[in-house]
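So this one's target.txt, compact mmCIF, C-alpha atoms:
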```txt
# COMPACT_ATOMS: atom_id res chain seq x y z
CA MET A 1 2.60 9.75 -36.31
CA THR A 2 4.50 6.77 -34.96
CA SER A 3 5.16 6.04 -31.33
CA THR A 4 8.82 6.99 -31.79
CA SER A 5 8.07 10.67 -32.27
CA ALA A 6 4.90 12.31 -30.93
CA GLU A 7 4.13 9.70 -28.31
CA PHE A 8 7.62 9.62 -26.84
CA SER A 9 7.91 13.39 -26.62
CA ALA A 10 4.42 13.88 -25.16
CA LEU A 11 4.17 10.80 -22.93
CA ALA A 12 7.77 10.50 -21.68
CA PRO A 13 7.08 12.91 -18.77
CA TYR A 14 4.35 10.47 -17.66
CA GLY A 15 6.65 7.42 -17.73
CA TRP A 16 6.39 6.18 -21.32
CA ASP A 17 9.47 4.16 -22.30
CA ASP A 18 10.68 1.52 -24.76
CA SER A 19 9.18 -1.32 -22.74
CA TRP A 20 5.72 0.27 -22.74
CA ALA A 21 6.04 0.97 -26.48
CA GLU A 22 6.89 -2.68 -27.09
CA ALA A 23 3.93 -3.86 -24.99
CA PHE A 24 1.66 -1.50 -26.90
CA ALA A 25 2.78 -2.64 -30.40
CA PRO A 26 -0.16 -5.08 -30.98
CA PHE A 27 -2.68 -2.32 -30.14
CA GLU A 28 -0.87 0.16 -32.36
CA ALA A 29 -1.25 -2.33 -35.22
CA ASP A 30 -5.02 -2.18 -34.61
CA GLY A 31 -5.00 1.61 -34.93
CA LEU A 32 -5.40 2.35 -31.22
CA LEU A 33 -3.59 5.15 -29.37
CA PRO A 34 -1.59 4.88 -26.12
CA GLY A 35 -2.30 7.01 -23.07
CA ARG A 36 -1.97 7.03 -19.30
CA VAL A 37 -4.94 7.26 -16.98
CA VAL A 38 -4.63 10.34 -14.77
CA ARG A 39 -8.04 10.12 -13.11
CA VAL A 40 -10.99 7.70 -12.87
CA ASP A 41 -14.51 8.76 -11.98
CA ARG A 42 -17.79 6.81 -12.28
CA GLY A 43 -16.95 4.58 -15.20
CA GLN A 44 -15.07 7.26 -17.08
CA CYS A 45 -11.46 8.38 -16.97
CA ASP A 46 -9.16 11.19 -18.05
CA VAL A 47 -6.33 9.92 -20.22
CA VAL A 48 -3.24 11.89 -21.18
CA THR A 49 -2.28 11.20 -24.82
CA ALA A 50 0.09 12.65 -27.38
CA ASP A 51 -2.76 14.99 -28.39
CA GLY A 52 -3.52 16.13 -24.82
CA THR A 53 -5.86 14.90 -22.10
CA VAL A 54 -9.12 13.32 -23.27
CA ARG A 55 -12.20 11.94 -21.53
CA ALA A 56 -12.92 8.27 -22.22
CA ASP A 57 -15.46 5.64 -21.24
CA THR A 58 -14.32 2.36 -19.66
CA GLU A 59 -17.39 0.42 -20.78
CA PHE A 60 -15.32 -2.16 -22.68
CA VAL A 61 -13.12 -2.87 -19.63
CA VAL A 62 -15.69 -3.61 -16.90
CA PRO A 63 -14.99 -7.14 -15.62
CA ARG A 64 -16.61 -8.59 -12.53
CA ASP A 65 -13.21 -8.76 -10.85
CA PRO A 66 -12.59 -5.34 -9.19
CA MET A 67 -8.86 -6.00 -9.54
CA LYS A 68 -9.16 -5.73 -13.30
CA VAL A 69 -10.93 -2.39 -13.62
CA VAL A 70 -9.11 0.56 -15.14
CA CYS A 71 -7.37 2.60 -12.45
CA THR A 72 -5.16 5.66 -12.12
CA GLY A 73 -1.66 4.90 -13.39
CA ASP A 74 -2.73 2.38 -16.02
CA TRP A 75 -1.39 2.61 -19.56
CA VAL A 76 -4.33 2.05 -21.90
CA ALA A 77 -5.23 1.48 -25.54
CA LEU A 78 -7.65 4.19 -26.63
CA ASP A 79 -9.97 4.71 -29.59
CA PRO A 80 -8.35 7.15 -32.04
CA GLY A 81 -11.47 9.31 -32.11
CA GLY A 82 -15.22 9.46 -31.81
CA ASP A 83 -17.70 10.72 -29.27
CA PRO A 84 -17.68 9.12 -26.78
CA ARG A 85 -14.17 7.69 -26.87
CA TYR A 86 -13.50 4.31 -25.31
CA VAL A 87 -10.67 2.57 -23.48
CA ARG A 88 -10.35 -0.80 -25.20
CA ALA A 89 -7.74 -2.40 -22.91
CA TYR A 90 -4.97 -1.67 -20.46
CA LEU A 91 -1.39 -2.87 -20.68
CA PRO A 92 -0.10 -5.51 -18.21
CA ARG A 93 0.73 -3.78 -14.94
CA ARG A 94 4.26 -3.75 -13.61
CA THR A 95 3.09 -3.14 -10.05
CA ALA A 96 -0.26 -2.62 -8.33
CA PHE A 97 -1.14 -1.21 -4.91
CA VAL A 98 -4.07 -3.26 -3.58
CA ARG A 99 -6.05 -3.31 -0.35
CA SER A 100 -8.94 -5.44 0.86
CA THR A 101 -12.34 -3.88 0.14
CA SER A 102 -13.79 -5.09 3.44
CA SER A 103 -12.91 -7.39 6.31
CA LYS A 104 -16.10 -9.35 5.56
CA ARG A 105 -15.34 -9.90 1.87
CA SER A 106 -12.52 -11.49 -0.09
CA GLU A 107 -12.24 -8.91 -2.86
CA GLY A 108 -9.29 -6.63 -3.43
CA GLN A 109 -9.45 -3.00 -4.52
CA ILE A 110 -6.69 -1.67 -6.71
CA LEU A 111 -5.72 1.89 -5.74
CA ALA A 112 -2.91 2.66 -8.18
CA ALA A 113 -1.01 0.90 -10.96
CA ASN A 114 2.55 0.95 -12.27
CA VAL A 115 4.00 2.59 -9.16
CA ASP A 116 7.73 2.72 -8.36
CA HIS A 117 7.59 4.47 -4.95
CA ALA A 118 4.88 4.25 -2.29
CA VAL A 119 5.11 7.40 -0.17
CA VAL A 120 3.38 6.86 3.18
CA ALA A 121 2.51 10.24 4.73
CA VAL A 122 2.30 10.24 8.54
CA SER A 123 1.34 13.38 10.44
CA LEU A 124 3.44 14.49 13.41
CA ALA A 125 0.49 16.62 14.58
CA VAL A 126 -0.95 13.57 16.37
CA GLU A 127 0.42 10.59 18.27
CA LEU A 128 2.19 8.11 16.02
CA ASP A 129 0.24 4.95 15.19
CA LEU A 130 3.12 2.59 14.41
CA GLY A 131 0.77 -0.32 13.77
CA ARG A 132 -0.91 1.61 10.97
CA VAL A 133 2.47 2.53 9.51
CA GLU A 134 3.41 -1.16 9.45
CA ARG A 135 0.10 -1.97 7.74
CA PHE A 136 0.72 0.59 4.99
CA LEU A 137 4.25 -0.69 4.53
CA ALA A 138 3.09 -4.31 4.18
CA LEU A 139 0.79 -3.30 1.33
CA ALA A 140 3.51 -1.15 -0.23
CA TRP A 141 6.10 -3.95 -0.22
CA GLU A 142 3.53 -6.40 -1.58
CA SER A 143 2.74 -4.04 -4.46
CA GLY A 144 6.28 -4.25 -5.78
CA ALA A 145 6.99 -0.57 -5.09
CA GLN A 146 9.73 0.84 -2.84
CA PRO A 147 8.13 2.29 0.31
CA VAL A 148 9.11 5.67 1.75
CA VAL A 149 7.76 7.08 5.02
CA VAL A 150 7.36 10.87 5.13
CA LEU A 151 6.70 12.39 8.54
CA THR A 152 4.72 15.52 7.66
CA LYS A 153 4.14 18.72 9.67
CA ALA A 154 7.60 18.47 11.19
CA ASP A 155 7.38 22.16 12.08
CA LEU A 156 4.94 21.17 14.86
CA VAL A 157 7.78 19.34 16.64
CA PRO A 158 10.33 22.12 17.19
CA ASP A 159 12.45 20.18 19.71
CA PRO A 160 15.14 18.31 17.71
CA VAL A 161 15.58 15.66 20.42
CA THR A 162 11.87 14.81 20.42
CA LEU A 163 11.84 14.74 16.62
CA ALA A 164 14.85 12.41 16.57
CA HIS A 165 13.08 10.00 18.96
CA LEU A 166 9.97 9.98 16.75
CA VAL A 167 12.06 9.27 13.67
CA GLN A 168 13.82 6.44 15.49
CA ASP A 169 10.49 4.89 16.52
CA VAL A 170 9.35 4.87 12.89
CA GLU A 171 12.69 3.55 11.61
CA THR A 172 12.42 0.65 14.08
CA SER A 173 9.00 -0.15 12.59
CA ALA A 174 10.19 0.29 8.99
CA PRO A 175 13.39 -1.71 8.41
CA GLY A 176 14.94 -1.00 5.02
CA VAL A 177 12.64 1.99 4.39
CA PRO A 178 13.81 5.63 4.10
CA VAL A 179 12.16 7.83 6.76
CA LEU A 180 12.07 11.55 5.93
CA THR A 181 10.83 14.53 7.94
CA VAL A 182 9.14 17.27 5.94
CA SER A 183 7.44 20.58 6.58
CA ALA A 184 5.57 21.42 3.40
CA LEU A 185 4.57 24.73 5.02
CA HIS A 186 8.19 25.90 5.32
CA GLY A 187 9.77 23.71 2.65
CA ASP A 188 12.03 21.86 5.09
CA GLY A 189 13.11 18.43 3.83
CA LEU A 190 11.36 18.79 0.48
CA ASP A 191 14.60 18.73 -1.51
CA VAL A 192 15.36 15.18 -0.35
CA LEU A 193 11.85 13.99 -1.19
CA VAL A 194 11.90 15.73 -4.59
CA ALA A 195 15.13 13.94 -5.46
CA LEU A 196 13.70 10.60 -4.33
CA VAL A 197 10.48 10.83 -6.39
CA GLY A 198 12.15 12.61 -9.31
CA SER A 199 12.00 9.52 -11.50
CA GLY A 200 9.29 6.95 -12.07
CA THR A 201 5.82 7.03 -10.52
CA SER A 202 5.07 7.63 -6.85
CA VAL A 203 1.78 7.13 -5.04
CA LEU A 204 0.99 9.28 -2.00
CA LEU A 205 -0.82 7.37 0.76
CA GLY A 206 -2.03 8.08 4.27
CA GLN A 207 -4.96 8.91 6.48
CA SER A 208 -7.11 11.96 5.95
CA GLY A 209 -5.41 14.88 7.65
CA ALA A 210 -1.89 13.54 7.10
CA GLY A 211 -1.07 16.52 4.87
CA LYS A 212 -1.01 14.64 1.57
CA SER A 213 -2.66 17.39 -0.50
CA THR A 214 -0.35 20.06 0.97
CA LEU A 215 2.60 17.81 0.20
CA ALA A 216 1.35 17.20 -3.35
CA ASN A 217 1.01 20.96 -3.93
CA ALA A 218 4.55 21.50 -2.64
CA LEU A 219 5.97 18.82 -4.95
CA VAL A 220 4.06 20.09 -7.99
CA GLY A 221 4.85 23.72 -7.16
CA ALA A 222 1.24 24.85 -7.55
CA ASP A 223 -2.06 24.63 -5.70
CA VAL A 224 -3.44 21.76 -7.73
CA MET A 225 -5.10 19.99 -4.78
CA ASP A 226 -7.63 21.48 -2.35
CA VAL A 227 -6.45 21.74 1.24
CA GLN A 228 -8.55 21.94 4.42
CA ALA A 229 -7.47 22.25 8.04
CA ALA A 230 -7.36 19.12 10.16
CA ARG A 231 -9.35 18.90 13.40
CA ASP A 232 -7.40 19.79 16.53
CA VAL A 233 -8.97 16.87 18.42
CA ASP A 234 -7.58 14.00 16.40
CA GLY A 235 -5.64 15.60 13.54
CA LYS A 236 -8.03 14.22 10.95
CA GLY A 237 -9.37 16.25 8.07
CA ARG A 238 -12.14 15.94 5.55
CA HIS A 239 -11.54 13.97 2.39
CA THR A 240 -10.39 16.97 0.36
CA THR A 241 -9.07 14.55 -2.27
CA THR A 242 -11.97 12.41 -3.51
CA THR A 243 -10.34 10.75 -6.52
CA ARG A 244 -6.89 9.43 -7.34
CA ASN A 245 -5.08 11.97 -9.51
CA LEU A 246 -1.87 11.53 -11.47
CA LEU A 247 0.25 14.70 -11.61
CA ALA A 248 3.42 15.36 -13.58
CA LEU A 249 6.17 16.82 -11.38
CA PRO A 250 8.28 19.73 -12.68
CA SER A 251 11.46 18.09 -11.42
CA GLY A 252 10.66 14.81 -13.16
CA GLY A 253 8.55 11.80 -12.30
CA VAL A 254 4.82 11.67 -11.66
CA LEU A 255 2.78 11.58 -8.47
CA ILE A 256 -0.55 9.86 -7.77
CA ASP A 257 -2.39 11.59 -4.93
CA THR A 258 -5.05 9.50 -3.21
CA PRO A 259 -7.99 10.16 -0.88
CA GLY A 260 -7.40 9.65 2.83
CA LEU A 261 -7.73 5.96 3.67
CA ARG A 262 -9.82 5.13 6.73
CA GLY A 263 -9.49 1.38 6.30
CA VAL A 264 -6.28 -0.29 5.15
CA GLY A 265 -7.14 -3.98 4.97
CA LEU A 266 -4.47 -6.41 3.85
CA PHE A 267 -5.10 -8.38 0.67
CA ASP A 268 -2.85 -11.42 0.10
CA ALA A 269 0.12 -9.47 1.46
CA GLY A 270 2.07 -12.27 3.12
CA THR A 271 5.33 -11.34 1.43
CA GLY A 272 4.84 -7.70 2.39
CA VAL A 273 4.24 -8.58 6.05
CA VAL A 274 7.44 -10.62 6.12
CA GLN A 275 9.34 -7.69 4.60
CA VAL A 276 8.07 -5.30 7.29
CA PHE A 277 9.12 -7.64 10.10
CA THR A 278 12.45 -8.86 8.74
CA GLU A 279 14.08 -8.89 12.19
CA ILE A 280 11.41 -11.28 13.51
CA GLU A 281 11.82 -13.55 10.50
CA GLU A 282 15.59 -13.62 11.07
CA LEU A 283 15.14 -14.40 14.77
CA ALA A 284 12.66 -17.17 13.92
CA GLU A 285 15.37 -19.00 12.00
CA ARG A 286 17.12 -19.59 15.34
CA CYS A 287 14.06 -21.08 17.06
CA ARG A 288 14.37 -24.71 18.18
CA PHE A 289 11.24 -25.74 16.28
CA GLN A 290 10.75 -24.93 12.62
CA ASP A 291 7.01 -24.33 13.08
CA CYS A 292 7.45 -22.25 16.26
CA ALA A 293 4.49 -19.92 16.90
CA HIS A 294 6.60 -17.75 19.23
CA GLU A 295 4.20 -18.22 22.12
CA SER A 296 5.26 -20.68 24.82
CA GLU A 297 7.48 -23.10 22.90
CA PRO A 298 10.86 -23.95 24.48
CA GLY A 299 13.90 -22.59 22.66
CA CYS A 300 11.99 -19.74 21.00
CA ALA A 301 14.51 -17.11 19.86
CA VAL A 302 11.77 -14.57 19.22
CA ARG A 303 10.38 -14.74 22.76
CA SER A 304 13.93 -14.57 24.14
CA ALA A 305 14.55 -11.40 22.12
CA VAL A 306 11.40 -9.85 23.64
CA GLU A 307 12.41 -10.83 27.16
CA ASN A 308 15.93 -9.37 26.86
CA GLY A 309 14.66 -6.14 25.29
CA GLU A 310 16.09 -6.79 21.82
CA LEU A 311 12.62 -6.94 20.25
CA PRO A 312 9.72 -4.68 21.37
CA GLN A 313 6.64 -6.63 22.49
CA ARG A 314 4.54 -4.27 20.38
CA ARG A 315 6.36 -5.39 17.21
CA LEU A 316 5.66 -9.04 17.92
CA GLU A 317 1.99 -8.38 18.61
CA SER A 318 1.67 -6.33 15.42
CA TYR A 319 3.40 -9.09 13.45
CA ARG A 320 0.98 -11.71 14.77
CA LYS A 321 -2.02 -9.50 14.09
CA LEU A 322 -1.11 -8.77 10.46
CA LEU A 323 -0.22 -12.40 9.77
CA ARG A 324 -3.57 -13.58 11.17
CA GLU A 325 -5.49 -10.97 9.21
CA ASN A 326 -3.72 -11.79 5.98
CA GLN A 327 -4.17 -15.52 6.50
CA TRP A 328 -7.89 -15.00 7.07
CA ILE A 329 -8.24 -13.00 3.85
CA VAL A 330 -6.33 -15.61 1.83
CA ALA A 331 -8.33 -18.45 3.38
CA LYS A 332 -11.57 -16.99 2.00
CA THR A 333 -10.47 -17.81 -1.53
CA ASP A 334 -7.97 -20.65 -1.00
CA ALA A 335 -9.40 -24.02 0.08
CA ARG A 336 -5.96 -25.38 0.99
CA VAL A 337 -5.30 -22.49 3.37
CA ARG A 338 -8.77 -22.90 4.89
CA ALA A 339 -8.04 -26.57 5.55
CA GLU A 340 -4.69 -25.71 7.15
CA LEU A 341 -6.39 -23.14 9.39
CA ARG A 342 -9.00 -25.68 10.50
CA ARG A 343 -6.26 -28.20 11.35
CA GLU A 344 -4.39 -25.54 13.33
CA TRP A 345 -7.56 -24.54 15.23
CA ARG A 346 -8.26 -28.22 16.04
CA ARG A 347 -4.68 -28.72 17.20
CA LYS A 348 -4.79 -25.69 19.49
CA GLY A 349 -8.21 -26.74 20.76
CA ALA A 350 -6.91 -30.20 21.62
CA GLU A 351 -3.86 -28.72 23.36
CA GLY A 352 -6.06 -26.39 25.39
CA LYS A 353 -8.36 -29.24 26.37
CA ALA A 354 -5.42 -31.41 27.39
CA ALA A 355 -3.99 -28.59 29.49
CA MET A 356 -7.31 -28.09 31.28
CA GLU A 357 -7.64 -31.82 31.99
CA ALA A 358 -4.10 -31.88 33.36
CA LYS A 359 -4.95 -29.00 35.71
CA ARG A 360 -8.11 -30.76 36.89
CA GLY A 361 -6.05 -33.90 37.55
CA ARG A 362 -3.72 -31.95 39.80
CA TRP A 363 -6.68 -30.44 41.67
CA VAL A 364 -8.24 -33.83 42.42
```
Conversion result in structure tokens:
Amino acid sequence: MTSTSAEFSALAPYGWDDSWAEAFAPFEADGLLPGRVVRVDRGQCDVVTADGTVRADTEFVVPRDPMKVVCTGDWVALDPGGDPRYVRAYLPRRTAFVRSTSSKRSEGQILAANVDHAVVAVSLAVELDLGRVERFLALAWESGAQPVVVLTKADLVPDPVTLAHLVQDVETSAPGVPVLTVSALHGDGLDVLVALVGSGTSVLLGQSGAGKSTLANALVGADVMDVQAARDVDGKGRHTTTTRNLLALPSGGVLIDTPGLRGVGLFDAGTGVVQVFTEIEELAERCRFQDCAHESEPGCAVRSAVENGELPQRRLESYRKLLRENQWIVAKTDARVRAELRREWRRKGAEGKAAMEAKRGRWV
């Protein structure tokens, strides 16, 4: 059968469209079959095809670069048959959600591919960590997906005034991002989220215990993901989801559920950081000096905004922290950035030394 019949009818619910069919044409000419990866596990993956879900080996797509391994959400070219079956290649990704593998290394880890919405689940059962929300959002913007923040377990905050304040705090930390409150237990707010993720592919992100699996079950309308209670002490749960799973939603669209993320290291996410802190970037345009570091420079519009209460000090500190972290990661692989960092460190060192000498001169 051609891709215009069986493949479109079977794969359309998973996001197959004319553009993917066009990208796949060279592989179709070689007799390969299209499919979407719904799960990856130890060098093998489950791929949904026009003939159903099959198990395939990724042996032929095992590069040294961890960014180029097959991952959940990829569209792949698959052997037409045989035992074992093999993935021969994956189609160019439209978007990719990537984090740093470790603060001590310069490698990225791809978590999900071809994602349209990045749903960041944040539990209201514990104190909000706005810095972590900003970190998730930076990665989401950098991926090319549209971020959405979902405040889960809203039933645990029965006071509407308190809930409104929490939502406002998150909205301040997430400019341009929809912020929804949801109680998967009671179904409150689910209709808005269902409508939002009803087309395209969404990836569900968050810490362990954020209620991702419960939310995934509510969106799918069945208990497809295991759920365990979170600890009362810190609201964290066990990693009930151990692999990234792509699930077709009954209302349309597909959802990639992910394990709880303990570490969310940035990986070349400079554009994403800027997007998260758009108000600081806009203020910086009014600074007297173009290269203002927003520390002690005269005519700094950012510092003025902090002093008059327009900009929270916490936002500025978070902005600096994420910029430094991202710059450090980029510098590990970019010699030009490393050289710029060294020059900046020398400049600040010289300024500090000069300041100390000036103080000593006044003491004499």
Box centre and edge lengths (Å, one decimal), axis-aligned, region 72-85 of chain A plus 6 Å each side, as lines of an AutoDock Vina configuration file:
```
center_x = -9.5
center_y = 6.1
center_z = -22.1
size_x = 28.3
size_y = 21.2
size_z = 32.0
```
What's the 12 Å shell around Gly82 (chain A), counting only C-alpha atoms, without same-chain residues fewer than 4 positions away, as a compact mmCIF listing (two decimals) with C-alpha atoms, in the coordinates of the input?
```txt
# COMPACT_ATOMS: atom_id res chain seq x y z
CA VAL A 54 -9.12 13.32 -23.27
CA ARG A 55 -12.20 11.94 -21.53
CA ALA A 56 -12.92 8.27 -22.22
CA ASP A 57 -15.46 5.64 -21.24
CA LEU A 78 -7.65 4.19 -26.63
CA TYR A 86 -13.50 4.31 -25.31
CA VAL A 87 -10.67 2.57 -23.48
```
For region 160-213 of chain A against region 250-259 of chain A, with a cut-off of 7 Å and counting all atoms listed in the file, what is the closest atom pair and its distance in Å to one decimal for every residue that makes the cut, ordered by chain and number, as a tab-separated table?
```
residue	atom	partner	partner_atom	distance
A:Val197	CA	A:Gly253	CA	6.3
A:Gly198	CA	A:Gly252	CA	4.7
A:Ser199	CA	A:Gly253	CA	4.2
A:Gly200	CA	A:Gly253	CA	4.9
A:Thr201	CA	A:Val254	CA	4.9
A:Ser202	CA	A:Leu255	CA	4.8
A:Val203	CA	A:Ile256	CA	4.5
A:Leu204	CA	A:Asp257	CA	5.0
A:Leu205	CA	A:Thr258	CA	6.2
```
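One distance worth recording is that between CA of Asp223 (chain A) and CA of Val194 (chain A), which is 16.6 Å.
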**Message:** Need to verify the contact set: Leu163 (chain A), 10 Å, only C-alpha atoms, exclusion of same-chain residues closer than 4 positions in sequence. Can you return it as a ChimeraX atom specification?
**Reply:** /A:124,151,154-159,167-169,181
**Asked** So which residues fall inside 10 Å of (4.0, -1.3, -10.4) if we count all atoms listed in the file? Mind giving them as a list in words?
**Response**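 In the file's frame, the residues around the point are Gly73, Asp74, Pro92, Arg93, Arg94, Thr95, Ala96, Phe97, Ala112, Ala113, Asn114, Val115, Asp116, His117, Ala118, Ser143, Gly144, Ala145, Gln146, Gly200, Thr201 and Ser202 of chain A.
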**Prompt:** Near Gln275 (chain A), within 12 Å and counting only C-alpha atoms, which residues show up once chain neighbours fewer than 3 positions away are dropped, as a VMD selection string?
**Reply:** chain A and resid 134 to 144 146 to 147 173 to 177 269 to 272 278 to 282 319 323
**Request:** Between CA of Leu185 (chain A) and CA of Val150 (chain A), measure the distance and give it in Å to one decimal.
**Result:**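 Going from CA of Leu185 (chain A) over to CA of Val150 (chain A), I get 14.1 Å.
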Within 7 Å of (-4.7, 12.6, -20.2) in the file's own coordinates, which protein, DNA or RNA residues have an atom, counting all atoms listed in the file? List them as a short mmCIF file (atom, residue, chain, number, x, y, z; two decimals) with C-alpha atoms, keeping the file's coordinate frame.
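This is the output file result.cif:
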```cif
data_model
loop_
_atom_site.label_atom_id
_atom_site.label_comp_id
_atom_site.auth_asym_id
_atom_site.auth_seq_id
_atom_site.Cartn_x
_atom_site.Cartn_y
_atom_site.Cartn_z
CA GLY A 35 -2.30 7.01 -23.07
CA ARG A 36 -1.97 7.03 -19.30
CA VAL A 37 -4.94 7.26 -16.98
CA VAL A 38 -4.63 10.34 -14.77
CA ASP A 46 -9.16 11.19 -18.05
CA VAL A 47 -6.33 9.92 -20.22
CA VAL A 48 -3.24 11.89 -21.18
CA THR A 49 -2.28 11.20 -24.82
CA GLY A 52 -3.52 16.13 -24.82
CA THR A 53 -5.86 14.90 -22.10
CA VAL A 54 -9.12 13.32 -23.27
#
```
**Asked** So what do you get for CA of Arg132 (chain A) versus CA of Asn308 (chain A), distance-wise?
**Response** 25.6 Å
**Item:** Nearest candidate to Leu130 (chain A) (options A:Ala216, A:Val276, A:Leu180, A:Leu246; using all atoms listed in the file)
**Value:**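 Between A:Ala216, A:Val276, A:Leu180, A:Leu246, the residue approaching Leu130 (chain A) most closely is A:Val276.
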Please reconstruct the missing atoms of region 116-131 of chain A (target: N, CA, C and O atoms) and return them as a compact mmCIF listing (two decimals), keeping the file's coordinate frame.
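Printed below is part.txt as written:
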```
# COMPACT_ATOMS: atom_id res chain seq x y z
N ASP A 116 6.35 3.04 -8.74
CA ASP A 116 7.73 2.72 -8.36
C ASP A 116 8.01 3.02 -6.89
O ASP A 116 8.79 2.32 -6.25
N HIS A 117 7.39 4.09 -6.35
CA HIS A 117 7.59 4.47 -4.95
C HIS A 117 6.23 4.63 -4.28
O HIS A 117 5.33 5.27 -4.84
N ALA A 118 6.09 4.06 -3.09
CA ALA A 118 4.88 4.25 -2.29
C ALA A 118 5.24 5.16 -1.12
O ALA A 118 5.94 4.74 -0.19
N VAL A 119 4.79 6.41 -1.18
CA VAL A 119 5.11 7.40 -0.17
C VAL A 119 4.01 7.40 0.89
O VAL A 119 2.87 7.81 0.62
N VAL A 120 4.34 6.93 2.09
CA VAL A 120 3.38 6.86 3.18
C VAL A 120 3.51 8.12 4.03
O VAL A 120 4.53 8.33 4.70
N ALA A 121 2.50 8.99 3.97
CA ALA A 121 2.51 10.24 4.73
C ALA A 121 1.95 10.01 6.12
O ALA A 121 0.85 9.48 6.28
N VAL A 122 2.71 10.41 7.13
CA VAL A 122 2.30 10.24 8.54
C VAL A 122 2.43 11.59 9.23
O VAL A 122 3.51 12.18 9.25
N SER A 123 1.34 12.06 9.80
CA SER A 123 1.34 13.38 10.44
C SER A 123 1.99 13.34 11.82
O SER A 123 1.71 12.46 12.63
N LEU A 124 2.84 14.34 12.08
CA LEU A 124 3.44 14.49 13.41
C LEU A 124 2.58 15.38 14.30
O LEU A 124 2.96 15.69 15.43
N ALA A 125 1.40 15.79 13.78
CA ALA A 125 0.49 16.62 14.58
C ALA A 125 -0.27 15.79 15.60
O ALA A 125 -0.89 16.33 16.51
N VAL A 126 -0.25 14.47 15.45
CA VAL A 126 -0.95 13.57 16.37
C VAL A 126 0.01 12.47 16.80
O VAL A 126 1.10 12.32 16.25
N GLU A 127 -0.42 11.68 17.78
CA GLU A 127 0.42 10.59 18.27
C GLU A 127 0.65 9.56 17.17
O GLU A 127 -0.29 9.19 16.45
N LEU A 128 1.87 9.09 17.05
CA LEU A 128 2.19 8.11 16.02
C LEU A 128 1.44 6.79 16.25
O LEU A 128 1.39 6.28 17.37
N ASP A 129 0.87 6.26 15.16
CA ASP A 129 0.24 4.95 15.19
C ASP A 129 1.16 4.02 14.39
O ASP A 129 1.02 3.87 13.18
N LEU A 130 2.11 3.41 15.09
CA LEU A 130 3.12 2.59 14.41
C LEU A 130 2.50 1.35 13.76
O LEU A 130 2.97 0.89 12.72
N GLY A 131 1.44 0.82 14.36
CA GLY A 131 0.77 -0.32 13.77
C GLY A 131 0.19 0.01 12.41
O GLY A 131 0.25 -0.80 11.48
```
